[in-house]
Protein chains: 4
Amino acid sequence: MTITRVGFIGLGIMGAPMAANLLRAGFDVTVWNRSPSRTAPLLEARANGADSPADVAAASEVTLSCVTNSGDVEEVALGPGGVIEGAKPGSAYIDCSTIAPETARKVAAALAKRGVAMLDAPVSGGDIGAQAGTLAIMVGGEEETFERCLPVLQAMGKTIVHVGPSGAGQVVKLCNQIAGALNLLAAAEAIGLARRAGVDPNKMLEVVSAGAAGSWMLSNLAPRAVRGDYAPGFMVDLMQKDLRLVLDAANETHTPLPGAALVSQLFQSIQAERRGTDGTQALVDAIAKLAR
Amino acid sequence: MTITRVGFIGLGIMGAPMAANLLRAGFDVTVWNRSPSRTAPLLEARANGADSPADVAAASEVTLSCVTNSGDVEEVALGPGGVIEGAKPGSAYIDCSTIAPETARKVAAALAKRGVAMLDAPVSGGDIGAQAGTLAIMVGGEEETFERCLPVLQAMGKTIVHVGPSGAGQVVKLCNQIAGALNLLAAAEAIGLARRAGVDPNKMLEVVSAGAAGSWMLSNLAPRAVRGDYAPGFMVDLMQKDLRLVLDAANETHTPLPGAALVSQLFQSIQAERRGTDGTQALVDAIAKLAR
Amino acid sequence: MTITRVGFIGLGIMGAPMAANLLRAGFDVTVWNRSPSRTAPLLEARANGADSPADVAAASEVTLSCVTNSGDVEEVALGPGGVIEGAKPGSAYIDCSTIAPETARKVAAALAKRGVAMLDAPVSGGDIGAQAGTLAIMVGGEEETFERCLPVLQAMGKTIVHVGPSGAGQVVKLCNQIAGALNLLAAAEAIGLARRAGVDPNKMLEVVSAGAAGSWMLSNLAPRAVRGDYAPGFMVDLMQKDLRLVLDAANETHTPLPGAALVSQLFQSIQAERRGTDGTQALVDAIAKLAR
Amino acid sequence: MTITRVGFIGLGIMGAPMAANLLRAGFDVTVWNRSPSRTAPLLEARANGADSPADVAAASEVTLSCVTNSGDVEEVALGPGGVIEGAKPGSAYIDCSTIAPETARKVAAALAKRGVAMLDAPVSGGDIGAQAGTLAIMVGGEEETFERCLPVLQAMGKTIVHVGPSGAGQVVKLCNQIAGALNLLAAAEAIGLARRAGVDPNKMLEVVSAGAAGSWMLSNLAPRAVRGDYAPGFMVDLMQKDLRLVLDAANETHTPLPGAALVSQLFQSIQAERRGTDGTQALVDAIAKLAR
């Protein structure tokens, strides 16, 4: 049975372009956002409006959400007027937010009792990836649900991997944030030494990026930091929110992560300067600050 | 004036294939190695033998070396029977070893008094890059010398960047090692959390590698660690040698590098297991050890 | 007006001897504990029983509590049958638990609306200090309330300092835990190097304790770890609970604490061995584990 | 056989008062210093002058030295005009400098061939302890030599412990520096959180010092930092010299010391401000810098 009717809850900097890509792919899309003003552009693009997450779910075979944190997901999924009140047995719910794995599992268990299958499907790739439909999507949940919902996910992303049962998508997203944050620290310390030793950091980045020490962060964000461009791809405050989820998961599983713990403390140095809305490349300045 | 006669001192795992590529490119190559047995394959390939670094230099317009540490470079360049005793004014000396920037500057200054120009030109890319002639080469020294020697370097590498004056090549190599080591820590901690949280690390690597947290290390070395393959691309003992140069440079320039300092301590945990000759992907086991 | 009637909520390993010392000092003491069995020894010692925290507060001029975490304090203070329901205007509430400073402030604000003054008064010194009446007590709240309640506090502790307004006592307790945890790391690393370098750690501790590198932890807990005695003064699990409060406070105030973050990750290595109920001196084994 | 004639090489901020205490204790003392001007006060106090370390040794049953680093010890002991050239078989040499354990062992082995026994006997307690004769002295070498030289050591120190064979004294001194540096980090982070959370750091120090988180550093150096007094007891530059010996020893024995590595990087932040001659309590400012 082909899915034709999908819903989208949360039309922020990520959700709005993801919903637009679902429209573009030919799905019949129903949308809702906490502050209604953000729905207008999608309604103009022929999306359907709804009065609540429950209404979205009632109109949809697959309902997606992309909100800020664990509390938001609990509210739109299980709260008054939430997905659980409208979703029909046999339908699916896909949450694309980055939240605690245990919250994902808890919501999935509650929905399962109503016959609604859930996938946790956090994304990586930023607003540009959301707009281009090239997101990486890491998906937790049952294989059957994943297969069924794959066409919906393919309208939004390019690398889509089923990584395990409920919650596994969130675990992988946390692994992604560990790696991203430490790759940024790698860039920050390399730039720090280059500058203090009198070497042009751009030339350093040019050659280091080409070899075994290269990374997406080194190629893409490090040059911005070197030229003093701190416009956010991904904001420091959001990275810190995610690193706290990382360290919470580390605590729960008793996995020592000394590097992730260090980089989280260094990001606080940027937040202490009230630069939490800068892009994560600002980490370069935490090392620079220590060296002067 | 085109360079035709080049010399090569130090025919180890890196030097031998680099010298072979110079032969392949049509240069007339004279070689020397501390233990003579390693010269045989190159002599068979029509390289010329020599009795000392001085003899190599006497026969060459450009003399290269690739040895283990700062002391080795001082010895082959300035010691008895060293390059300085044979090199003609107007010739050039290119050292491709990874050594302290200050040693590079000291040797360059000593050779300059004899009219011999020096480049510090450490490389990145491992034995595979050396064989394929695709090394990244980061070059410090005078612009004019760099331009003159470029054809020689192009026979061995692909990304060749003049990064600044004498010593700057070594500084950039140290930046490269900082970034590489921290990208490895990123992989180790991501794998650590995935495993402890019950997620298949291979699936995690597949999706994380595709996005903004991707790196060469994550794509190339991390999967080896996951399958228990610790064969060295680059050995832990050598990484530690380089990280000590990094931390020495940090001390001299008063550049705090908390991440590099941390990863160096974690590599010691692998050395404590007498696994210093494992590949650097063994760092994954230092995090794993802490979590059990 | 002299205080004669005091209440005590929470008769655990700390609370029971603290309440006993209040009885010993001549106060008329009313007690309550979640699991009633723990009240028996105090009732035998002529304490009065009560049916709820509200009942305790109704019978007391000053009501104290010593429970496990922020949630427990909110419940006994503000929950159904809580202190707020029984306490008379003009009475005081002193919480001796270690909790988040912001929870202390929130409870104080709620009680203030009913005319009940609150002190946050976490303690240091362990069960031995609780029994001996020699606790260090760090007190936040209004000066007037502190002065009024001082005789009650003096029955339980020796070093009693009013450190600032509501919440300040908890902040100072968190500072105490930072210092204690890092002093333990100091001991663990010193013992680690001594052992690996072939030196008797007891002789090391003897001479280091005598000088400028000495600490309570080095003198008191380190020798236990050296002889393999991991019986808890203070359990690893509780230290980790407190370090999470520390790191939460660091996040809220944007205070980078790289050392505290590191030591928290190392304690997880002990918890990963299911040794969370060992004493904090087990940290020595986290360093030892890395070195083998 | 009672020792009456002792020599002292190196009359710096530590050596001069140590030599003075030997005179005060009734020994016949012969002195030498690289820059002769510093010998004058001791000659006035009836010490004997000498032209070289060899001359000192020739005149002495026990020759002591207190110089800056490993190279200095090698020079005064084994260099031209060194102790080895003057010392008689059966005499002893005691080095009180803080140097690499392996240098101590190397010098001891060279002297042993001439029948001269060596003790490595680094000290703790600063210039004040040197003046007061209350130093802690950690002694490596043979038991018999230790017993024979004890009266000499007792003229300079109070806690004098024979900790093991040659080199063990230096190992223990390195353990001492690990503990001291991390206890300082404990103080720095506690002060950092107190300030950011709006609590008077002096009140925090008052109560924390009294309990299980107390240390010599917290009681003695932390209050200086709080009031902005950075006058050196022990200078940052010297602590960094010692921490490099620590990390060298960690490398040689493959003992991961993540805390010591971190604190060394943070001290660099003080050196980057050209404050290497400030006292080690300046570490408080490295944490403060990160938090603003």
# chains A, B, ... in the order shown; residues from 1 in each chain; ligands from 1
call {"tool": "interface_residues", "arguments": {"of": "chain D", "to": "chain C", "cutoff": "7 Å", "atoms": "only C-alpha atoms", "output": "ChimeraX atom specification"}}
result
/D:124-125,136,138,159,161,163-164,168,171-172,175-176,178-180,182-183,186-187,189-190,192-194,196-197,199,203-204,207-208,210-217,250,253-257,259,290-291
call {"tool": "select_by_dssp", "arguments": {"residues": "region 13-199 of chain D", "states": "alpha helix (DSSP H)", "output": "ChimeraX atom specification"}}
result
/D:15-24,40-44,53-58,70-78,83-86,101-112,126-132,143-154,168-196
call {"tool": "write_last_selection", "arguments": {"atoms": "C-alpha atoms", "output": "CSV table (one decimal), in the first residue's frame"}}
result
chain,number,residue,atom,x,y,z
D,15,GLY,CA,70.8,26.2,47.9
D,16,ALA,CA,72.0,29.2,49.8
D,17,PRO,CA,69.7,28.8,52.9
D,18,MET,CA,70.3,25.0,52.8
D,19,ALA,CA,74.1,25.6,53.0
D,20,ALA,CA,73.5,28.1,55.7
D,21,ASN,CA,71.6,25.5,57.8
D,22,LEU,CA,74.5,23.1,57.3
D,23,LEU,CA,76.9,25.8,58.7
D,24,ARG,CA,74.5,26.5,61.6
D,40,ALA,CA,80.0,36.0,49.5
D,41,PRO,CA,77.4,35.8,52.3
D,42,LEU,CA,78.3,32.2,53.0
D,43,LEU,CA,82.0,33.0,53.0
D,44,GLU,CA,81.3,35.7,55.6
D,53,PRO,CA,82.8,21.4,41.9
D,54,ALA,CA,85.9,19.1,41.9
D,55,ASP,CA,87.6,21.3,44.5
D,56,VAL,CA,84.4,21.2,46.7
D,57,ALA,CA,84.3,17.4,46.4
D,58,ALA,CA,88.0,17.0,47.2
D,70,SER,CA,69.2,17.7,34.4
D,71,GLY,CA,71.9,19.2,32.3
D,72,ASP,CA,73.3,21.3,35.2
D,73,VAL,CA,73.6,18.2,37.3
D,74,GLU,CA,75.4,16.3,34.6
D,75,GLU,CA,77.8,19.2,34.2
D,76,VAL,CA,78.6,19.8,37.9
D,77,ALA,CA,78.8,16.0,38.6
D,78,LEU,CA,80.5,14.6,35.5
D,83,VAL,CA,82.5,16.3,41.3
D,84,ILE,CA,83.8,13.1,39.7
D,85,GLU,CA,87.2,14.6,39.3
D,86,GLY,CA,87.6,15.5,43.0
D,101,PRO,CA,65.0,10.0,37.4
D,102,GLU,CA,67.1,8.5,34.6
D,103,THR,CA,69.7,11.3,34.8
D,104,ALA,CA,70.0,10.6,38.5
D,105,ARG,CA,70.6,6.9,37.8
D,106,LYS,CA,73.1,7.7,35.1
D,107,VAL,CA,75.1,10.0,37.3
D,108,ALA,CA,75.0,7.6,40.2
D,109,ALA,CA,76.3,4.8,38.0
D,110,ALA,CA,79.2,6.9,36.7
D,111,LEU,CA,80.2,7.9,40.3
D,112,ALA,CA,79.8,4.4,41.6
D,126,GLY,CA,60.0,26.1,49.0
D,127,ASP,CA,62.4,28.9,50.0
D,128,ILE,CA,60.6,29.2,53.4
D,129,GLY,CA,61.1,25.5,54.1
D,130,ALA,CA,64.8,25.8,53.1
D,131,GLN,CA,65.3,28.7,55.4
D,132,ALA,CA,63.5,27.1,58.3
D,143,GLU,CA,70.1,2.3,52.4
D,144,GLU,CA,73.6,2.3,53.9
D,145,THR,CA,74.5,5.6,52.2
D,146,PHE,CA,71.1,7.1,53.4
D,147,GLU,CA,71.9,6.1,57.0
D,148,ARG,CA,75.4,7.5,56.8
D,149,CYS,CA,74.2,10.8,55.3
D,150,LEU,CA,71.1,11.2,57.5
D,151,PRO,CA,72.7,13.7,59.9
D,152,VAL,CA,73.5,16.0,56.9
D,153,LEU,CA,69.9,15.8,55.6
D,154,GLN,CA,68.5,16.4,59.1
D,168,ALA,CA,63.4,6.8,43.4
D,169,GLY,CA,63.7,10.1,45.1
D,170,GLN,CA,63.2,11.9,41.8
D,171,VAL,CA,60.2,9.7,41.0
D,172,VAL,CA,58.6,10.6,44.3
D,173,LYS,CA,59.3,14.3,43.7
D,174,LEU,CA,57.5,14.0,40.4
D,175,CYS,CA,54.6,12.4,42.2
D,176,ASN,CA,54.7,15.3,44.6
D,177,GLN,CA,54.4,17.8,41.6
D,178,ILE,CA,51.5,15.8,40.1
D,179,ALA,CA,49.6,16.1,43.3
D,180,GLY,CA,50.5,19.7,43.9
D,181,ALA,CA,49.5,20.7,40.4
D,182,LEU,CA,46.2,18.9,40.5
D,183,ASN,CA,45.4,20.2,44.0
D,184,LEU,CA,45.9,23.7,42.5
D,185,LEU,CA,43.5,22.8,39.7
D,186,ALA,CA,41.0,21.7,42.4
D,187,ALA,CA,41.3,25.2,44.0
D,188,ALA,CA,41.1,27.0,40.6
D,189,GLU,CA,37.9,25.3,39.6
D,190,ALA,CA,36.3,25.6,43.0
D,191,ILE,CA,37.0,29.3,43.0
D,192,GLY,CA,35.9,29.6,39.4
D,193,LEU,CA,32.4,28.1,40.1
D,194,ALA,CA,32.0,30.1,43.3
D,195,ARG,CA,32.7,33.4,41.6
D,196,ARG,CA,30.5,32.7,38.6
call {"tool": "atom_distance", "arguments": {"atom1": "CA of Asp95 (chain C)", "atom2": "CA of Asn251 (chain C)"}}
result
23.9 Å
call {"tool": "residues_around", "arguments": {"residues": "Asp28 (chain A)", "least_positions_apart": "3", "cutoff": "8 Å", "atoms": "only C-alpha atoms", "output": "tab-separated table (two decimals) with C-alpha atoms, in the first residue's frame"}}
result
chain	number	residue	atom	x	y	z
A	4	THR	CA	0.15	9.30	0.04
A	5	ARG	CA	-0.92	11.35	3.07
A	6	VAL	CA	1.79	12.58	5.44
A	23	LEU	CA	5.19	18.43	-1.02
A	47	ALA	CA	-0.22	22.00	2.23
A	48	ASN	CA	-3.29	21.44	4.42
call {"tool": "residues_around", "arguments": {"residues": "Tyr93 (chain D)", "least_positions_apart": "5", "cutoff": "6 Å", "atoms": "only C-alpha atoms", "output": "VMD selection string"}}
result
chain D and resid 62 to 64 118
call {"tool": "atom_distance", "arguments": {"atom1": "CA of Ala231 (chain D)", "atom2": "CA of Ser65 (chain D)"}}
result
26.1 Å
call {"tool": "atom_distance", "arguments": {"atom1": "CA of Glu61 (chain D)", "atom2": "CA of Ser91 (chain D)"}}
result
5.0 Å
call {"tool": "residues_around", "arguments": {"residues": "Ser35 (chain C)", "least_positions_apart": "5", "cutoff": "12 Å", "atoms": "only C-alpha atoms", "output": "PyMOL selection string"}}
result
chain C and resi 9-12+40+51-52
call {"tool": "select_by_dssp", "arguments": {"residues": "region 3-229 of chain A", "states": "strand (DSSP E or B)", "output": "PyMOL selection string"}}
result
chain A and resi 5-9+28-32+48-49+62-65+92-95+117-120+123-124+135-140+157-164+215
